[in-house]
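Student: One file is attached below, coords_26.pdb, containing PDB, C-alpha atoms and all ligand atoms.
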ATOM      1  CA  MET A   1     -34.924 203.170 -90.840
ATOM      2  CA  VAL A   2     -34.621 202.915 -87.065
ATOM      3  CA  ALA A   3     -33.689 199.683 -85.307
ATOM      4  CA  LEU A   4     -33.754 198.832 -81.613
ATOM      5  CA  GLN A   5     -32.417 195.778 -79.852
ATOM      6  CA  LEU A   6     -32.067 195.036 -76.153
ATOM      7  CA  GLN A   7     -29.016 192.909 -75.445
ATOM      8  CA  SER A   8     -28.667 191.068 -72.124
ATOM      9  CA  LEU A   9     -30.382 194.009 -70.471
ATOM     10  CA  GLY A  10     -30.801 194.208 -66.716
ATOM     11  CA  ALA A  11     -32.024 196.909 -64.323
ATOM     12  CA  TYR A  12     -31.317 197.706 -60.689
ATOM     13  CA  HIS A  13     -33.513 199.287 -58.060
ATOM     14  CA  GLY A  14     -30.854 200.140 -55.491
ATOM     15  CA  ARG A  15     -28.572 197.127 -55.365
ATOM     16  CA  LYS A  16     -31.119 194.530 -56.412
ATOM     17  CA  LEU A  17     -31.435 193.412 -60.017
ATOM     18  CA  PHE A  18     -35.163 193.425 -60.804
ATOM     19  CA  VAL A  19     -34.871 192.856 -64.563
ATOM     20  CA  GLU A  20     -32.345 190.388 -65.881
ATOM     21  CA  ASP A  21     -30.888 189.258 -69.162
ATOM     22  CA  VAL A  22     -33.496 190.628 -71.592
ATOM     23  CA  THR A  23     -32.435 190.041 -75.185
ATOM     24  CA  THR A  24     -34.988 190.875 -77.879
ATOM     25  CA  PRO A  25     -35.155 190.348 -81.609
ATOM     26  CA  ILE A  26     -34.383 193.522 -83.582
ATOM     27  CA  MET A  27     -37.396 195.869 -83.585
ATOM     28  CA  ARG A  28     -37.761 198.126 -86.615
ATOM     29  CA  SER A  29     -39.433 201.374 -87.772
ATOM     30  CA  GLY A  30     -43.201 201.099 -87.930
ATOM     31  CA  GLU A  31     -43.502 198.293 -85.382
ATOM     32  CA  VAL A  32     -45.805 198.332 -82.365
ATOM     33  CA  VAL A  33     -44.649 196.027 -79.570
ATOM     34  CA  ALA A  34     -46.968 195.226 -76.660
ATOM     35  CA  VAL A  35     -45.091 194.558 -73.415
ATOM     36  CA  ILE A  36     -47.232 192.336 -71.211
ATOM     37  CA  GLY A  37     -46.861 190.526 -67.901
ATOM     38  CA  PRO A  38     -48.402 190.357 -64.420
ATOM     39  CA  ASN A  39     -48.225 193.147 -61.856
ATOM     40  CA  ALA A  40     -44.666 193.764 -60.619
ATOM     41  CA  ALA A  41     -43.204 191.675 -63.473
ATOM     42  CA  GLY A  42     -40.791 194.476 -64.408
ATOM     43  CA  LYS A  43     -42.425 196.257 -67.354
ATOM     44  CA  SER A  44     -41.952 199.797 -65.972
ATOM     45  CA  THR A  45     -38.489 198.884 -64.707
ATOM     46  CA  LEU A  46     -37.523 197.709 -68.198
ATOM     47  CA  PHE A  47     -38.801 200.967 -69.735
ATOM     48  CA  LYS A  48     -36.885 203.049 -67.202
ATOM     49  CA  ARG A  49     -33.724 201.087 -67.987
ATOM     50  CA  ILE A  50     -34.201 201.649 -71.741
ATOM     51  CA  THR A  51     -34.583 205.404 -71.214
ATOM     52  CA  GLY A  52     -31.527 205.499 -68.935
ATOM     53  CA  LEU A  53     -33.429 206.413 -65.746
ATOM     54  CA  LEU A  54     -32.199 203.173 -64.155
ATOM     55  CA  LYS A  55     -28.809 201.540 -64.367
ATOM     56  CA  GLY A  56     -27.962 197.934 -65.088
ATOM     57  CA  PRO A  57     -25.948 195.550 -67.226
ATOM     58  CA  GLY A  58     -26.353 195.001 -70.961
ATOM     59  CA  ASN A  59     -26.961 197.306 -73.910
ATOM     60  CA  VAL A  60     -29.736 199.248 -75.586
ATOM     61  CA  VAL A  61     -28.625 199.278 -79.198
ATOM     62  CA  ILE A  62     -30.263 201.952 -81.365
ATOM     63  CA  GLU A  63     -29.459 202.501 -85.014
ATOM     64  CA  GLY A  64     -30.710 205.178 -87.374
ATOM     65  CA  ALA A  65     -31.709 207.805 -84.771
ATOM     66  CA  GLU A  66     -29.969 210.832 -83.305
ATOM     67  CA  ALA A  67     -29.353 210.470 -79.574
ATOM     68  CA  LYS A  68     -31.104 213.819 -78.896
ATOM     69  CA  ASN A  69     -34.597 212.660 -79.755
ATOM     70  CA  ALA A  70     -34.161 208.915 -79.956
ATOM     71  CA  ILE A  71     -36.517 208.003 -77.108
ATOM     72  CA  SER A  72     -39.628 209.533 -75.621
ATOM     73  CA  TYR A  73     -41.013 207.985 -72.443
ATOM     74  CA  MET A  74     -44.551 208.298 -71.168
ATOM     75  CA  PRO A  75     -44.569 207.155 -67.521
ATOM     76  CA  GLN A  76     -47.383 205.250 -65.851
ATOM     77  CA  ASP A  77     -48.012 208.038 -63.368
ATOM     78  CA  THR A  78     -49.265 211.027 -65.327
ATOM     79  CA  SER A  79     -50.234 213.185 -62.342
ATOM     80  CA  ALA A  80     -48.933 216.739 -62.681
ATOM     81  CA  ASN A  81     -48.359 219.436 -60.123
ATOM     82  CA  ALA A  82     -46.912 222.070 -62.459
ATOM     83  CA  VAL A  83     -48.999 225.218 -62.715
ATOM     84  CA  LEU A  84     -49.360 225.143 -66.490
ATOM     85  CA  THR A  85     -52.166 224.921 -68.983
ATOM     86  CA  VAL A  86     -52.475 221.873 -71.224
ATOM     87  CA  TYR A  87     -51.213 223.864 -74.212
ATOM     88  CA  GLU A  88     -48.223 225.284 -72.317
ATOM     89  CA  SER A  89     -47.216 221.834 -71.136
ATOM     90  CA  VAL A  90     -47.382 220.363 -74.643
ATOM     91  CA  LEU A  91     -45.432 223.303 -76.094
ATOM     92  CA  LEU A  92     -42.767 222.919 -73.380
ATOM     93  CA  ALA A  93     -42.499 219.202 -74.097
ATOM     94  CA  ARG A  94     -41.861 219.960 -77.778
ATOM     95  CA  LYS A  95     -39.244 222.571 -76.974
ATOM     96  CA  GLN A  96     -37.368 220.361 -74.517
ATOM     97  CA  SER A  97     -35.847 218.418 -77.388
ATOM     98  CA  GLN A  98     -35.385 221.322 -79.812
ATOM     99  CA  SER A  99     -34.248 224.929 -79.973
ATOM    100  CA  TRP A 100     -36.273 227.413 -77.912
ATOM    101  CA  ALA A 101     -37.511 229.404 -80.929
ATOM    102  CA  VAL A 102     -41.104 228.464 -81.764
ATOM    103  CA  SER A 103     -41.758 228.077 -85.492
ATOM    104  CA  ASP A 104     -45.033 227.915 -87.441
ATOM    105  CA  HIS A 105     -44.203 224.277 -88.064
ATOM    106  CA  ASP A 106     -44.032 223.651 -84.277
ATOM    107  CA  LEU A 107     -47.431 225.266 -83.748
ATOM    108  CA  ARG A 108     -49.036 223.315 -86.601
ATOM    109  CA  PHE A 109     -47.504 220.074 -85.375
ATOM    110  CA  ILE A 110     -48.815 220.634 -81.843
ATOM    111  CA  ASP A 111     -52.276 221.551 -83.202
ATOM    112  CA  ASP A 112     -52.407 218.363 -85.280
ATOM    113  CA  ILE A 113     -51.453 216.102 -82.369
ATOM    114  CA  MET A 114     -53.884 217.822 -79.985
ATOM    115  CA  LYS A 115     -56.703 217.567 -82.528
ATOM    116  CA  ALA A 116     -55.968 213.881 -83.194
ATOM    117  CA  LEU A 117     -56.155 213.169 -79.460
ATOM    118  CA  ASN A 118     -59.271 215.331 -79.043
ATOM    119  CA  ILE A 119     -57.733 217.582 -76.399
ATOM    120  CA  THR A 120     -58.025 220.889 -78.258
ATOM    121  CA  PRO A 121     -61.200 221.785 -76.286
ATOM    122  CA  ILE A 122     -59.219 221.592 -73.009
ATOM    123  CA  ALA A 123     -56.112 223.401 -74.338
ATOM    124  CA  PHE A 124     -56.385 226.279 -71.863
ATOM    125  CA  ARG A 125     -57.396 224.304 -68.784
ATOM    126  CA  ASP A 126     -54.871 223.947 -65.935
ATOM    127  CA  LEU A 127     -53.182 220.552 -65.753
ATOM    128  CA  GLY A 128     -54.267 220.243 -62.137
ATOM    129  CA  ALA A 129     -57.942 220.490 -63.131
ATOM    130  CA  LEU A 130     -58.090 217.507 -65.476
ATOM    131  CA  SER A 131     -59.679 214.095 -65.097
ATOM    132  CA  GLY A 132     -57.430 211.011 -65.034
ATOM    133  CA  GLY A 133     -58.230 210.166 -68.653
ATOM    134  CA  GLN A 134     -57.660 213.750 -69.818
ATOM    135  CA  ARG A 135     -54.266 213.778 -68.051
ATOM    136  CA  GLN A 136     -53.336 210.568 -69.799
ATOM    137  CA  LEU A 137     -54.220 212.043 -73.212
ATOM    138  CA  VAL A 138     -52.135 215.154 -72.456
ATOM    139  CA  SER A 139     -49.239 212.958 -71.435
ATOM    140  CA  ILE A 140     -49.480 211.065 -74.737
ATOM    141  CA  ALA A 141     -49.450 214.405 -76.585
ATOM    142  CA  GLN A 142     -46.366 215.513 -74.611
ATOM    143  CA  ALA A 143     -44.515 212.341 -75.593
ATOM    144  CA  LEU A 144     -45.575 212.527 -79.261
ATOM    145  CA  VAL A 145     -44.673 216.176 -79.906
ATOM    146  CA  ARG A 146     -41.030 215.356 -79.174
ATOM    147  CA  GLU A 147     -41.084 213.395 -82.473
ATOM    148  CA  PRO A 148     -39.083 210.507 -81.077
ATOM    149  CA  ALA A 149     -37.727 207.606 -83.091
ATOM    150  CA  ILE A 150     -38.738 205.260 -80.272
ATOM    151  CA  MET A 151     -41.747 205.736 -78.049
ATOM    152  CA  LEU A 152     -42.127 203.943 -74.707
ATOM    153  CA  MET A 153     -45.646 204.158 -73.296
ATOM    154  CA  ASP A 154     -46.360 202.724 -69.873
ATOM    155  CA  GLU A 155     -50.027 201.737 -69.712
ATOM    156  CA  PRO A 156     -51.122 204.757 -71.805
ATOM    157  CA  THR A 157     -54.772 203.723 -71.988
ATOM    158  CA  SER A 158     -55.410 202.509 -68.414
ATOM    159  CA  ALA A 159     -57.598 205.532 -67.546
ATOM    160  CA  LEU A 160     -59.353 205.856 -70.907
ATOM    161  CA  ASP A 161     -62.892 204.822 -71.851
ATOM    162  CA  LEU A 162     -63.247 202.147 -74.531
ATOM    163  CA  HIS A 163     -63.767 204.591 -77.389
ATOM    164  CA  ARG A 164     -60.629 206.544 -76.517
ATOM    165  CA  GLN A 165     -58.586 203.390 -75.943
ATOM    166  CA  VAL A 166     -59.308 202.262 -79.504
ATOM    167  CA  GLU A 167     -58.828 205.782 -80.880
ATOM    168  CA  VAL A 168     -55.441 206.227 -79.153
ATOM    169  CA  LEU A 169     -54.097 202.776 -80.014
ATOM    170  CA  ASP A 170     -55.253 203.185 -83.630
ATOM    171  CA  PHE A 171     -53.581 206.599 -83.766
ATOM    172  CA  MET A 172     -50.344 205.246 -82.278
ATOM    173  CA  ARG A 173     -50.237 202.483 -84.841
ATOM    174  CA  ARG A 174     -50.790 204.970 -87.677
ATOM    175  CA  GLN A 175     -48.085 207.246 -86.248
ATOM    176  CA  ALA A 176     -45.681 204.314 -86.023
ATOM    177  CA  ARG A 177     -46.316 203.435 -89.669
ATOM    178  CA  THR A 178     -46.291 206.949 -91.146
ATOM    179  CA  LEU A 179     -43.444 208.432 -89.087
ATOM    180  CA  GLY A 180     -41.401 205.217 -88.949
ATOM    181  CA  MET A 181     -41.405 205.103 -85.134
ATOM    182  CA  ILE A 182     -40.931 202.044 -82.976
ATOM    183  CA  VAL A 183     -43.656 202.047 -80.303
ATOM    184  CA  LEU A 184     -43.437 199.915 -77.159
ATOM    185  CA  ILE A 185     -46.631 199.856 -75.106
ATOM    186  CA  ALA A 186     -46.910 198.236 -71.674
ATOM    187  CA  ILE A 187     -50.507 197.097 -71.485
ATOM    188  CA  HIS A 188     -52.655 194.780 -69.347
ATOM    189  CA  ASP A 189     -55.520 194.394 -71.815
ATOM    190  CA  LEU A 190     -54.460 191.349 -73.818
ATOM    191  CA  ASN A 191     -57.266 191.757 -76.359
ATOM    192  CA  GLN A 192     -56.013 195.239 -77.202
ATOM    193  CA  ALA A 193     -52.487 193.826 -77.437
ATOM    194  CA  LEU A 194     -53.692 191.132 -79.850
ATOM    195  CA  ARG A 195     -55.531 193.733 -81.903
ATOM    196  CA  PHE A 196     -52.858 196.416 -82.181
ATOM    197  CA  ALA A 197     -49.429 194.902 -81.742
ATOM    198  CA  ASP A 198     -47.077 193.510 -84.352
ATOM    199  CA  LYS A 199     -45.118 191.756 -81.620
ATOM    200  CA  VAL A 200     -45.819 190.801 -78.029
ATOM    201  CA  LEU A 201     -43.044 190.730 -75.417
ATOM    202  CA  VAL A 202     -43.858 188.799 -72.232
ATOM    203  CA  ILE A 203     -42.113 189.493 -68.924
ATOM    204  CA  ARG A 204     -42.436 187.524 -65.722
ATOM    205  CA  ASN A 205     -40.329 187.990 -62.579
ATOM    206  CA  GLY A 206     -37.981 190.334 -64.433
ATOM    207  CA  ARG A 207     -37.197 187.840 -67.200
ATOM    208  CA  MET A 208     -38.364 187.916 -70.801
ATOM    209  CA  LEU A 209     -40.249 184.719 -71.601
ATOM    210  CA  ALA A 210     -41.057 185.403 -75.251
ATOM    211  CA  CYS A 211     -41.070 188.130 -77.875
ATOM    212  CA  GLY A 212     -42.674 187.579 -81.238
ATOM    213  CA  ASN A 213     -45.823 187.231 -83.290
ATOM    214  CA  PRO A 214     -48.896 187.804 -81.043
ATOM    215  CA  ARG A 215     -50.586 184.633 -82.261
ATOM    216  CA  GLU A 216     -47.551 182.534 -81.364
ATOM    217  CA  VAL A 217     -46.919 184.242 -78.029
ATOM    218  CA  VAL A 218     -50.426 184.677 -76.575
ATOM    219  CA  THR A 219     -51.503 181.067 -76.138
ATOM    220  CA  ALA A 220     -53.616 179.188 -73.592
ATOM    221  CA  ASP A 221     -50.414 177.644 -72.186
ATOM    222  CA  MET A 222     -48.748 181.032 -71.735
ATOM    223  CA  LEU A 223     -51.875 182.444 -70.041
ATOM    224  CA  ARG A 224     -51.943 179.535 -67.620
ATOM    225  CA  ASP A 225     -48.200 179.733 -66.847
ATOM    226  CA  VAL A 226     -47.857 183.501 -66.610
ATOM    227  CA  TYR A 227     -51.286 184.743 -65.502
ATOM    228  CA  LYS A 228     -52.597 181.630 -63.737
ATOM    229  CA  ILE A 229     -55.837 181.642 -65.688
ATOM    230  CA  HIS A 230     -57.703 179.131 -67.785
ATOM    231  CA  ALA A 231     -58.412 180.810 -71.107
ATOM    232  CA  ARG A 232     -58.992 180.089 -74.780
ATOM    233  CA  ILE A 233     -57.910 182.107 -77.799
ATOM    234  CA  GLU A 234     -60.813 182.189 -80.250
ATOM    235  CA  GLN A 235     -61.366 183.981 -83.516
ATOM    236  CA  CYS A 236     -64.375 186.281 -83.846
ATOM    237  CA  SER A 237     -66.473 186.505 -87.023
ATOM    238  CA  MET A 238     -64.032 189.170 -88.289
ATOM    239  CA  GLY A 239     -61.127 186.758 -87.956
ATOM    240  CA  HIS A 240     -59.484 188.583 -85.009
ATOM    241  CA  ASP A 241     -58.084 186.613 -82.074
ATOM    242  CA  HIS A 242     -59.675 187.170 -78.665
ATOM    243  CA  VAL A 243     -58.847 185.896 -75.203
ATOM    244  CA  ILE A 244     -61.850 184.221 -73.576
ATOM    245  CA  VAL A 245     -61.262 183.765 -69.862
ATOM    246  CA  ASP A 246     -62.833 180.729 -68.179
ATOM    247  CA  GLY A 247     -61.476 181.294 -64.679
ATOM    248  CA  THR A 248     -58.407 181.316 -62.477
ATOM    249  CA  ALA A 249     -56.020 178.345 -62.364
ATOM    250  CA  HIS A 250     -54.390 177.396 -59.079
TER     251      HIS A 250
HETATM  252  N1  LIG B   1     -38.306 202.605 -56.859
HETATM  253  C1  LIG B   1     -38.279 201.296 -56.576
HETATM  254  N2  LIG B   1     -37.482 200.829 -55.580
HETATM  255  C2  LIG B   1     -37.414 199.508 -55.299
HETATM  256  N3  LIG B   1     -38.127 198.568 -55.960
HETATM  257  C3  LIG B   1     -38.934 198.963 -56.937
HETATM  258  C4  LIG B   1     -39.067 200.350 -57.306
HETATM  259  N4  LIG B   1     -39.936 200.458 -58.332
HETATM  260  C5  LIG B   1     -40.354 199.196 -58.582
HETATM  261  N5  LIG B   1     -39.760 198.309 -57.767
HETATM  262  C6  LIG B   1     -39.959 196.845 -57.768
HETATM  263  O1  LIG B   1     -39.567 196.313 -59.027
HETATM  264  C7  LIG B   1     -40.421 195.242 -59.402
HETATM  265  C8  LIG B   1     -40.979 195.498 -60.787
HETATM  266  O2  LIG B   1     -41.842 196.635 -60.730
HETATM  267  P1  LIG B   1     -42.421 197.325 -62.032
HETATM  268  O3  LIG B   1     -43.053 198.617 -61.620
HETATM  269  O4  LIG B   1     -41.362 197.365 -63.060
HETATM  270  O5  LIG B   1     -43.522 196.261 -62.473
HETATM  271  P2  LIG B   1     -44.638 196.363 -63.608
HETATM  272  O6  LIG B   1     -44.528 195.111 -64.429
HETATM  273  O7  LIG B   1     -44.563 197.642 -64.344
HETATM  274  O8  LIG B   1     -45.951 196.266 -62.715
HETATM  275  P3  LIG B   1     -47.470 196.853 -62.873
HETATM  276  O9  LIG B   1     -48.111 196.037 -63.959
HETATM  277  O10 LIG B   1     -48.043 196.534 -61.534
HETATM  278  O11 LIG B   1     -47.395 198.303 -63.180
HETATM  279  C9  LIG B   1     -41.505 195.139 -58.307
HETATM  280  O12 LIG B   1     -41.149 194.092 -57.427
HETATM  281  C10 LIG B   1     -41.426 196.472 -57.609
HETATM  282  O13 LIG B   1     -41.773 196.367 -56.231
END
Could you render the structure as structure tokens?
Ligand SMILES: Nc1ncnc2c1ncn2[C@@H]1O[C@H](COP(=O)(O)OP(=O)(O)OP(=O)(O)O)[C@@H](O)[C@H]1O
Tutor:
Amino acid sequence: MVALQLQSLGAYHGRKLFVEDVTTPIMRSGEVVAVIGPNAAGKSTLFKRITGLLKGPGNVVIEGAEAKNAISYMPQDTSANAVLTVYESVLLARKQSQSWAVSDHDLRFIDDIMKALNITPIAFRDLGALSGGQRQLVSIAQALVREPAIMLMDEPTSALDLHRQVEVLDFMRRQARTLGMIVLIAIHDLNQALRFADKVLVIRNGRMLACGNPREVVTADMLRDVYKIHARIEQCSMGHDHVIVDGTAH
């Protein structure tokens, strides 16, 4: 069982603190947490602080995972200038966190992830010759083959068509449950967050406003305060919550 908690976490860009005093409930194996908030709220900055790419006060407390492959981070910018094929890049990603010998298990694991993400047909294409959505899928594969205990994904579906968005988010949730991962996903699509997340964490101006059950966190009041929109949360005929936007609030 893996557990993650952020305690009074802050993050600097240069000398300025852009994220401040983020303390979360304990997140546990199998959970998917959607990290939401307006542009420039600090979602990517928070992820970079959790991975150790940025410095700042506070603690990232992880229990039940070896430091070596505790966290895998998929950045927002998935552009690549390495002269590698898709398959080479995924294999390299797997080997970065393990010994350099390639086992049958490694090859099977990579095949399974690539098949699940439907990128086997482009396995031998150069990274530089992919569409934005294809690059994003490859980047997800690179993060997953490291078999992390905690996965941080920064807007992993922003370039994907609707079918692939649902496929990827469904797959991530299954992976979280079956492998016991904790998955944090920064995402702008609040309906996808409501559909896939166990918890929603809201950030505004570098501060965490709430972290908890999606139904309790994503409310008309929160949408007005944080996003400056008039919206309703309504249940569809299947009983799922949806955000219906009526317009901007000033
Ligand atoms: N390298 C950097 N140097 C200085 N400031 C930065 C740097 N990167 C980000 N910032 C600033 O930090 C703040 C938070 O940015 P961040 O990228 O974390 O927001 P975000 O919530 O991920 O936004 P978006 O939804 O637009 O991707 C912004 O004010 C941004 O200008």
Student: Distance limit 6 Å, reference ligand LIG 1 (chain B), atoms considered: all atoms listed in the file. Which residues make the cut? Give them as a PyMOL selection string.
Tutor: chain A and resi 13+18+38-45
Student: Quote the spacing between atom CA of A:Ala197 and atom CA of A:Ile113 in Å to one decimal place.
Tutor: 21.3 Å
Student: What do you get, as a short mmCIF file (atom, residue, chain, number, x, y, z; two decimals) with C-alpha atoms, in the coordinates of the input, if you spell out every residue that the PyMOL selection byres (((chain A and resi 83-85) around 6) and not hetatm) selects here?
Tutor:
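Ended up saving to selection30.cif:
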data_model
loop_
_atom_site.label_atom_id
_atom_site.label_comp_id
_atom_site.auth_asym_id
_atom_site.auth_seq_id
_atom_site.Cartn_x
_atom_site.Cartn_y
_atom_site.Cartn_z
CA ALA A 82 -46.91 222.07 -62.46
CA VAL A 86 -52.48 221.87 -71.22
CA TYR A 87 -51.21 223.86 -74.21
CA GLU A 88 -48.22 225.28 -72.32
CA PHE A 124 -56.38 226.28 -71.86
CA ARG A 125 -57.40 224.30 -68.78
CA ASP A 126 -54.87 223.95 -65.94
CA LEU A 127 -53.18 220.55 -65.75
#
Student: Enumerate, as a ChimeraX atom specification, the residues matched when the PyMOL selection byres (((chain A and resi 159) around 9) and not hetatm) is run on the file above.
Tutor: /A:132-136,155-158,160-161,165
Student: What does the structure give for the distance between atom CA of A:Leu223 and atom CA of A:Ile185, in Å to one decimal?
Tutor: 18.9 Å
Student: For A:Met151, which residue out of A:Asp225, A:Asp21, A:Glu31, A:Asp246 is the nearest one, using only C-alpha atoms?
Tutor: A:Glu31
Student: Between atom CA of A:Val217 and atom CA of A:Val243, what distance in Å does the model show, to one decimal?
Tutor: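 Interatomic distance here is 12.4 Å.
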Student: Can you list, as a ChimeraX atom specification, every protein, DNA or RNA residue that comes within 12 Å of A:Leu53 when you count only C-alpha atoms, leaving out same-chain residues fewer than 2 positions away?
Tutor: /A:11-13,44-51,55-56,71,73,75
Student: Assuming the chain letters and numbering stay as they are in my file, what does the PyMOL selection byres (((chain A and resi 92) around 12) and not hetatm) actually select? List them as a list in words.
Tutor: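 Those residues are Ala82, Leu84, Thr85, Val86, Tyr87, Glu88, Ser89, Val90, Leu91, Ala93, Arg94, Lys95, Gln96, Ser97, Gln98, Ser99, Trp100, Ala101, Val102, Asp106, Leu107, Ile110, Ala141, Gln142, Ala143, Val145 and Arg146 of chain A.
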Student: Using 4 Å of padding on each side, determine the axis-aligned box around all atoms of stretch 113-119 of chain A present in the file and give its centre and edge lengths in Å to one decimal, as lines of an AutoDock Vina configuration file.
Tutor:
center_x = -55.4
center_y = 215.5
center_z = -79.8
size_x = 15.8
size_y = 12.7
size_z = 14.8
Student: Set the distance at 9 Å and use all atoms listed in the file: which residues neighbour A:Thr23 once local chain neighbours fewer than 6 positions away are removed? I'd like the list as an mmCIF file with C-alpha atoms, keeping the file's coordinate frame.
Tutor:
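Written output follows (around39.cif):
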data_model
loop_
_atom_site.group_PDB
_atom_site.id
_atom_site.type_symbol
_atom_site.label_atom_id
_atom_site.label_comp_id
_atom_site.auth_asym_id
_atom_site.auth_seq_id
_atom_site.Cartn_x
_atom_site.Cartn_y
_atom_site.Cartn_z
ATOM 1 C CA GLN A 5 -32.417 195.778 -79.852
ATOM 2 C CA LEU A 6 -32.067 195.036 -76.153
ATOM 3 C CA GLN A 7 -29.016 192.909 -75.445
ATOM 4 C CA SER A 8 -28.667 191.068 -72.124
ATOM 5 C CA LEU A 9 -30.382 194.009 -70.471
ATOM 6 C CA GLY A 58 -26.353 195.001 -70.961
ATOM 7 C CA MET A 208 -38.364 187.916 -70.801
#
Student: Would you list the contacts of A:His250 as a ChimeraX atom specification, taking every protein, DNA or RNA residue within 10 Å and counting all atoms listed in the file, but skipping same-chain residues closer than 4 positions in sequence?
Tutor: /A:224,228-230
Student: Please identify all polymer residues within 12 Å of A:Met238, counting all atoms listed in the file, omitting same-chain residues fewer than 4 positions from it, and present them as a CSV table (one decimal) with C-alpha atoms, keeping the file's coordinate frame.
Tutor:
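Writing done, so here's part.csv:
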chain,number,residue,atom,x,y,z
A,195,ARG,CA,-55.5,193.7,-81.9
A,234,GLU,CA,-60.8,182.2,-80.2
A,242,HIS,CA,-59.7,187.2,-78.7
Student: Do you know which residues are at most 9 Å from A:Arg177 counting all atoms listed in the file, after dropping those on the same chain fewer than 4 positions away, and could you put them as a ChimeraX atom specification?
Tutor: /A:29-32,172-173,181-182
Student: I'd like to know which of A:His163, A:Ile36, A:Glu20, A:Leu201 is closest to A:Tyr227, using all atoms listed in the file.
Tutor: A:Ile36
Student: Please determine, counting only C-alpha atoms, which residue among A:Pro148, A:Arg164, A:Val200, A:Val245 has the shortest atom-to-atom distance to A:Leu179.
Tutor: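 Under the stated criterion, the closest residue is A:Pro148.
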